[in-house]
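Participant: Please find one structure pasted underneath; my questions will follow.
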Amino acid sequence: ANMPIRNICCIGAGYVGGPTAAVIALHNPHVRVTVVDRDQNRIDAWKGRHLPIHEPGLVDVVRLARDGSSERRASGDQGQAASMDGASAALVGIVQPARTPNLFFSTACVETIAQADICLISVNTPTKVRGVGKGRATDMAAFEGACRDVATYAKAGTILVEKSTVPCKTGQLIKDIMEAHRPGVVFPVLSNPEFLSEGTAVRDLMQPDRVVIGCESTISGHRAAAALVNLYAAWVPRSRIAPINIWSSELSKLAANAMLAQRISSINSISAICERTGADVSEIARSLGMDPRIGPQFLKAGLGFGGSCFRKDIASLTYLSESLGLPEVAAYWQQVLEMNNFQRDRFARHVIATLNNSLRGKKITILGYAFKKNTGDARESPALDVIRLLLEEGPRSISIYDPLCSEADIKRELAVLEADYSVCKPDGPVEVVSDPYLACADSNAVLVLTDWDMFKNTKPAAAPSKPIATLESYDGTTPNDILHITSLMEQLPPNQPPTPP
Ligand code: NAD
Ligand code: UGA
């Protein structure tokens, strides 16, 4: 018999939990989806007009599911009732008629868990910073905490879904926690890793390449998997939904991120050879990509991968390999991380060398802090490593402009440099500026560190002052180039700062 699903609880209102819950709710109007988080500010933001994360199309999906309509609520918008734009309407499928709200955000974890038929756990699983395995092993504290809450408060038979990225065999850990708290009660455990990318989260959720659902091969495991398959089948073709063994499912997520990151390190290693030989890495990438066995994606050389997941997931994979007695496998993946660090060192050294091996008294401008375009996520940006290396040379100042990252978020990331460089003090060497012109004024070098479209045409057609240094870069155009200040100013007409997206 089918398990009827009426209430979903999603634990963790972050980059994964919020958008995933919103899209599930949008397509399952008869299911009540509640996202819970311990962080009151985050929950307040999800309930309000300014969502805590920026993703194209997300506002419209949330409005439909949360408010019952894509119309902006008149009160907050000075009476302007604007409906979703064309791009969002295309993402959402059709402009939907008014509906009954079925998406809720709350800090009432206990009550929500107690009512749930399914709990999706999408809390953060960062790298451990101290203790056994520090720097590599996954810190499971938040994940375990969420499991304990479910073990304590859920009704018997509630399905637990691992949505967070976790080490292989975590399903067993969950079973042990459940058994310790509620001996003899069956709580089916599923693994349903998330493959969305930031900046395209809504599109990735609306049209996923695949939905992987891992279950135990027991009757209750298969029934639980069927219930989750049904939720996805509301909008994903069944041929794209792959029910598999739970350990395969857990490992397929780490493997996917490792393989993607490995391609970036591979092309970056080639870019280093290009710079010594006059070969052009973007031409090589184009040629490689035309081989259907290789394919064109993820072959952009640059500063190396950033973001909250690639580094931590590969670190987790190396730790897992070592724990399983496979040091050769660990060393193989470790090399992907080493190449990534090498690329940043190389870039920073190149900048310093171009500025006559001294940054004393000089001002450096950084355009773009986010780890990639179309996101305001400031975590694990390659820019942080570059800034650290530049600060060692004692520049007069480093001025940062990013169209989406908030000053508070950037400063929070820079706090790791505080002890050595007092970066966050008002008279410290680093400033975050909200105007790109101000950021560039009086600067000795401008570094474009994020592939934001607004920075794409900063190279002057007639090249009045040639770029003073370049690293082999995205599309062979601008990101990661160092541009002489005047070349940038010629492209951006004065008093018309580019509009942030
Ligand atoms: P995040 O830090 O943005 O969000 C996690 C949220 O969980 C936080 O708001 C935190 O307050 C909350 N939380 C932690 N413990 C809790 C508890 N016990 N009860 C209630 N709330 C709790 O993290 P994220 O970027 O959404 O990532 C979540 C997971 O998804 C990670 O495992 C990550 O590896 C994985 N993932 C992330 C992405 C991505 O693009 N960010 C993509 C795929 C997978
Ligand atoms: C990545 C994966 O693409 C998602 O499938 C996965 O779900 C997610 O990690 C996760 O587990 O968190 P994300 O980190 O959001 O998504 O962004 P990507 O588009 O993968 O970019 C990651 C980094 O690689 C960025 O810094 C980007 O600039 C860099 N990159 C990407 C390159 O240097 N070259 C490329 O060709 C592509």
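Residues are named by chain letter and number: chains run A, B, ... in the order of the structure tokens, numbers start at 1 in each chain, and ligands are numbered from 1 in the order shown.
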List all protein, DNA and RNA residues that have any atom at most 8 Å from ligand 2, counting only C-alpha atoms and all ligand atoms, and write the list as a ChimeraX atom specification.

Facilitator: /A:165,194-199,253,256-257,260-261,263-264,297-310,313,371-373,381-382,450-451,474

Participant: As number ranges by chain, please: every residue in stretch 195-262 of chain A that DSSP puts in helix (DSSP H, G or I).

Facilitator: A: 201-206, 219-233, 238-240, 246-262

Participant: Return as a ChimeraX atom specification the residues of protein, DNA or RNA that approach ligand 1 to within 8 Å, with only C-alpha atoms and all ligand atoms taken into account.

Facilitator: /A:11-18,36-39,42,107,109,122-126,141-147,149,163-166,193-198,201,307-309,312-313

Participant: Go through A:Asn444, A:Ser422, A:Gln334, A:Ser220 and flag the residue nearest A:Arg360, using only C-alpha atoms for the distances.

Facilitator: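 Closest to A:Arg360 of all the choices is A:Asn444.
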
Participant: When you draw a straight line from atom CA of A:Ile410 to atom CA of A:Glu380, how long is it in Å?

Facilitator: 10.4 Å
